[in-house]
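A.B. asks: If you scroll down you'll find the structure; I have some questions about it.
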Amino acid sequence: FRSIEVSTSGVQRSYSYRAKNAPNPSETSPLALYQRIFGEGFQDPNAKSFKPDPKVMVHKSVLSAVTEDRQRLMRQVGAEDRHRLDEYFTSLRQLEQQLALQLEPPAPVNGFLMPSAPEDIELNSEMSSVMTTHKLMAELLARALQCNQTHIVNVLLSDTTSNLRRAGSTTTHHTLTHEEPVNPKLGYQEQVGWFASKSMEAWKDFLDALDAIPEGDGTLLDNCLILAHSDCSIAKSHAVEGIPTMIAGNAGGWMA
């Protein structure tokens with residue numbers, strides 16, 4: 001996969017775009033994510049034998065058959081239509097590349113263990129449910145990176161206008177950032193701070209999933225570069241100056 005996007009709070013949202021006004025859709029269900037990565041068509045990189053799927057061969061032949069027609073059409077249309085068609089054909093080219101890879105045996109991966117399918121859990125924005133969904137997805141994404149199903153993942157913990165909420169409450173994190181008064185003793189919004197703490201726990205869970213997989217002389221985390229951020233600095237005023245960011249991993253030695 002060119003990239004894999006997930007959203008852990010049940011909102012179909014992504015910060016990853018393949019083109020202008022064309023976001024990459026996010027998976028919101030751990031089970032759907034598992035089926036996409038490790039379901040039908042997945043080849044265990046450490047399997048003793050490899051046999052290409054005949055259906056993949058047929059699909060690849062169909063796409064190859066229209067290559068000349070596609071190229072001819074691109075020469076005939078105007079610039080605006082060519083741009084639109086290029087967005088569409090880019091997704092087709094990605095599909096062609098995926099099919100070509102499925103016709104070759106995958107490279108062996110030391111220590112890879114096929115993950116078990118997660119249960120089909122309830123998806124909602126209540127914090128404990130989101131943390132469960134996030135942890136399941138983090139473990140699946142780590143395995144996907146380990147066996148080279150993708151090299152890029154994008155994780156959205158909550159929507160831009162955060163829909164996260166505490167158990168038994170209908171008031172969202174976003175609403176609290178605007179309406180909760182600052183606790184005079186603490187010097188900050190107490191409930192908003194609770195959500196920030198939970199977000200940091202989720203960040204740790206994601207890093208732990210990567211760090212739990214040995215790879216080379218270190219772990220998978222050592223060979224990744226992970227950027228985490230909030231989309232604003234002071235939510236109460238929608239301030240975007242000084243947005244908090246964090247980096248983990250050293251990209252296989254490229255980052256000191």
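Labeling convention for the structure tokens: chains A, B, ... as they appear, residues from 1 per chain, ligands from 1 in order of appearance.
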Near Gly253 in chain A, counting only C-alpha atoms, which residues have an atom at most 9 Å away, once you skip same-chain residues fewer than 3 positions from it, shown as a list in words?

C.D. replies: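 Near Gly253 in chain A, the qualifying residues are Asp222, Asn223, Gly249, Asn250 and Ala256 of chain A.
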
A.B. asks: With distances taken over only C-alpha atoms, which of A:Thr90, A:Leu99, A:Ile247, A:Cys224 is nearest to Arg18 in chain A?

C.D. replies: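 Once distances to Arg18 in chain A are computed over only C-alpha atoms, the minimum belongs to A:Thr90.
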
A.B. asks: Would you list the contacts of Trp203 in chain A as an MDAnalysis selection string, taking every protein, DNA or RNA residue within 12 Å and counting only C-alpha atoms, but skipping same-chain residues closer than 5 positions in sequence?

C.D. replies: chainID A and resid 131 134:135 138 155:157 196:198 208:210 226:230 245:248

A.B. asks: Filtering to all heavy atoms, could you give me those residues as a short mmCIF file (atom, residue, chain, number, x, y, z; two decimals), in the first residue's frame?

C.D. replies:
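Result written to selection07.cif:
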data_model
loop_
_atom_site.label_atom_id
_atom_site.label_comp_id
_atom_site.auth_asym_id
_atom_site.auth_seq_id
_atom_site.Cartn_x
_atom_site.Cartn_y
_atom_site.Cartn_z
N MET A 131 -9.49 4.56 22.95
CA MET A 131 -8.18 4.04 23.36
C MET A 131 -8.03 2.56 22.97
O MET A 131 -6.96 2.13 22.54
CB MET A 131 -7.98 4.22 24.86
CG MET A 131 -7.92 5.67 25.32
SD MET A 131 -6.48 6.56 24.71
CE MET A 131 -5.20 5.90 25.80
N HIS A 134 -7.65 2.49 19.17
CA HIS A 134 -6.32 3.00 18.82
C HIS A 134 -5.23 1.96 19.06
O HIS A 134 -4.34 1.77 18.22
CB HIS A 134 -6.04 4.25 19.65
CG HIS A 134 -4.67 4.81 19.47
ND1 HIS A 134 -4.32 5.61 18.41
CD2 HIS A 134 -3.55 4.67 20.21
CE1 HIS A 134 -3.05 5.94 18.51
NE2 HIS A 134 -2.56 5.38 19.59
N LYS A 135 -5.29 1.27 20.20
CA LYS A 135 -4.26 0.29 20.52
C LYS A 135 -4.31 -0.89 19.55
O LYS A 135 -3.26 -1.38 19.10
CB LYS A 135 -4.45 -0.19 21.96
CG LYS A 135 -3.25 -0.96 22.50
CD LYS A 135 -3.33 -1.09 24.00
CE LYS A 135 -2.05 -1.72 24.56
NZ LYS A 135 -2.05 -1.78 26.04
N ALA A 138 -2.87 0.34 16.30
CA ALA A 138 -1.43 0.55 16.39
C ALA A 138 -0.68 -0.77 16.21
O ALA A 138 0.34 -0.83 15.50
CB ALA A 138 -1.08 1.18 17.74
N VAL A 155 -2.28 8.39 11.29
CA VAL A 155 -3.22 8.06 12.36
C VAL A 155 -3.89 9.33 12.87
O VAL A 155 -3.20 10.28 13.23
CB VAL A 155 -2.50 7.35 13.52
CG1 VAL A 155 -3.49 7.01 14.63
CG2 VAL A 155 -1.78 6.10 13.04
N LEU A 156 -5.21 9.33 12.88
CA LEU A 156 -5.97 10.45 13.42
C LEU A 156 -6.68 9.98 14.70
O LEU A 156 -7.55 9.11 14.64
CB LEU A 156 -7.01 10.93 12.39
CG LEU A 156 -7.78 12.19 12.75
CD1 LEU A 156 -6.86 13.40 12.72
CD2 LEU A 156 -8.93 12.40 11.77
N LEU A 157 -6.26 10.53 15.84
CA LEU A 157 -6.87 10.12 17.11
C LEU A 157 -8.27 10.70 17.25
O LEU A 157 -9.17 10.04 17.74
CB LEU A 157 -6.00 10.56 18.28
CG LEU A 157 -6.50 10.16 19.67
CD1 LEU A 157 -6.40 8.65 19.84
CD2 LEU A 157 -5.73 10.87 20.77
N ALA A 196 -5.96 15.80 27.07
CA ALA A 196 -4.57 15.92 26.62
C ALA A 196 -3.73 14.77 27.18
O ALA A 196 -2.88 14.20 26.47
CB ALA A 196 -4.00 17.26 27.04
N SER A 197 -3.97 14.44 28.44
CA SER A 197 -3.23 13.33 29.06
C SER A 197 -3.54 12.01 28.36
O SER A 197 -2.64 11.19 28.12
CB SER A 197 -3.58 13.22 30.55
OG SER A 197 -3.14 14.38 31.24
N LYS A 198 -4.81 11.79 28.03
CA LYS A 198 -5.20 10.58 27.32
C LYS A 198 -4.57 10.53 25.93
O LYS A 198 -4.17 9.46 25.45
CB LYS A 198 -6.73 10.50 27.22
CG LYS A 198 -7.42 10.15 28.52
CD LYS A 198 -7.03 8.76 28.98
CE LYS A 198 -7.73 8.36 30.26
NZ LYS A 198 -7.31 7.01 30.72
N ASP A 208 4.93 2.17 21.67
CA ASP A 208 5.19 0.86 22.27
C ASP A 208 4.96 -0.27 21.28
O ASP A 208 5.70 -1.27 21.28
CB ASP A 208 4.30 0.65 23.50
CG ASP A 208 4.78 1.44 24.72
OD1 ASP A 208 5.93 1.93 24.70
OD2 ASP A 208 4.00 1.55 25.68
N ALA A 209 3.93 -0.13 20.43
CA ALA A 209 3.63 -1.17 19.44
C ALA A 209 4.79 -1.32 18.45
O ALA A 209 5.15 -2.43 18.05
CB ALA A 209 2.34 -0.84 18.71
N LEU A 210 5.41 -0.20 18.08
CA LEU A 210 6.55 -0.24 17.16
C LEU A 210 7.80 -0.75 17.87
O LEU A 210 8.59 -1.52 17.30
CB LEU A 210 6.81 1.16 16.59
CG LEU A 210 5.69 1.79 15.76
CD1 LEU A 210 6.07 3.21 15.36
CD2 LEU A 210 5.39 0.96 14.51
N ILE A 226 8.51 9.09 13.34
CA ILE A 226 7.11 9.34 13.67
C ILE A 226 6.95 10.79 14.10
O ILE A 226 7.64 11.26 15.00
CB ILE A 226 6.62 8.43 14.81
CG1 ILE A 226 7.10 6.98 14.61
CG2 ILE A 226 5.11 8.50 14.93
CD1 ILE A 226 6.54 6.32 13.39
N LEU A 227 6.04 11.49 13.46
CA LEU A 227 5.70 12.87 13.82
C LEU A 227 4.31 12.90 14.44
O LEU A 227 3.36 12.35 13.86
CB LEU A 227 5.74 13.77 12.59
CG LEU A 227 5.18 15.20 12.78
CD1 LEU A 227 6.07 16.01 13.71
CD2 LEU A 227 5.02 15.89 11.42
N ALA A 228 4.19 13.52 15.60
CA ALA A 228 2.87 13.68 16.24
C ALA A 228 2.64 15.16 16.50
O ALA A 228 3.58 15.90 16.80
CB ALA A 228 2.81 12.90 17.56
N HIS A 229 1.39 15.58 16.36
CA HIS A 229 1.10 17.00 16.59
C HIS A 229 -0.37 17.20 16.94
O HIS A 229 -1.23 16.36 16.66
CB HIS A 229 1.44 17.83 15.34
CG HIS A 229 0.53 17.56 14.18
ND1 HIS A 229 -0.64 18.25 13.97
CD2 HIS A 229 0.62 16.67 13.16
CE1 HIS A 229 -1.23 17.80 12.87
NE2 HIS A 229 -0.49 16.85 12.37
N SER A 230 -0.62 18.34 17.55
CA SER A 230 -1.98 18.84 17.72
C SER A 230 -2.20 19.85 16.59
O SER A 230 -1.24 20.45 16.10
CB SER A 230 -2.13 19.54 19.07
OG SER A 230 -3.35 20.24 19.14
N THR A 245 4.56 19.75 18.76
CA THR A 245 4.94 18.63 17.91
C THR A 245 5.94 17.75 18.64
O THR A 245 6.70 18.23 19.48
CB THR A 245 5.55 19.09 16.57
OG1 THR A 245 6.71 19.88 16.84
CG2 THR A 245 4.55 19.90 15.77
N MET A 246 5.94 16.47 18.30
CA MET A 246 6.88 15.52 18.88
C MET A 246 7.39 14.60 17.78
O MET A 246 6.66 14.28 16.84
CB MET A 246 6.20 14.69 19.97
CG MET A 246 5.71 15.49 21.16
SD MET A 246 4.80 14.48 22.35
CE MET A 246 3.33 14.07 21.40
N ILE A 247 8.63 14.18 17.89
CA ILE A 247 9.24 13.25 16.95
C ILE A 247 9.79 12.07 17.72
O ILE A 247 10.42 12.22 18.77
CB ILE A 247 10.35 13.93 16.12
CG1 ILE A 247 9.77 15.00 15.20
CG2 ILE A 247 11.12 12.90 15.29
CD1 ILE A 247 10.80 15.77 14.40
N ALA A 248 9.58 10.86 17.19
CA ALA A 248 10.12 9.64 17.79
C ALA A 248 10.76 8.78 16.71
O ALA A 248 10.40 8.88 15.53
CB ALA A 248 9.02 8.88 18.51
#

A.B. asks: I'd like to know which of A:Thr133, A:Gln149, A:Asn154, A:Gln98 is closest to Ser16 in chain A, using only C-alpha atoms.

C.D. replies: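 With only C-alpha atoms as the atom set, the closest residue is A:Asn154.
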
A.B. asks: With distances taken over only C-alpha atoms, which of A:Tyr88, A:Pro181, A:Met114, A:Val130 is nearest to Arg70 in chain A?

C.D. replies: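 Looking at the shortest contact to Arg70 in chain A, the residue is A:Tyr88.
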
A.B. asks: Excluding Val182 in chain A and any residue of its chain fewer than 5 positions from it, enumerate the residues within 12 Å of it, using only C-alpha atoms, and give them as number ranges by chain.

C.D. replies: A: 176-177, 187-193, 236

A.B. asks: Show which residues sit within 7 Å of range 20-28 of chain A, as a PyMOL selection string. Count only C-alpha atoms, and ignore same-chain residues fewer than 5 positions away.

C.D. replies: chain A and resi 5-8+10-14+33
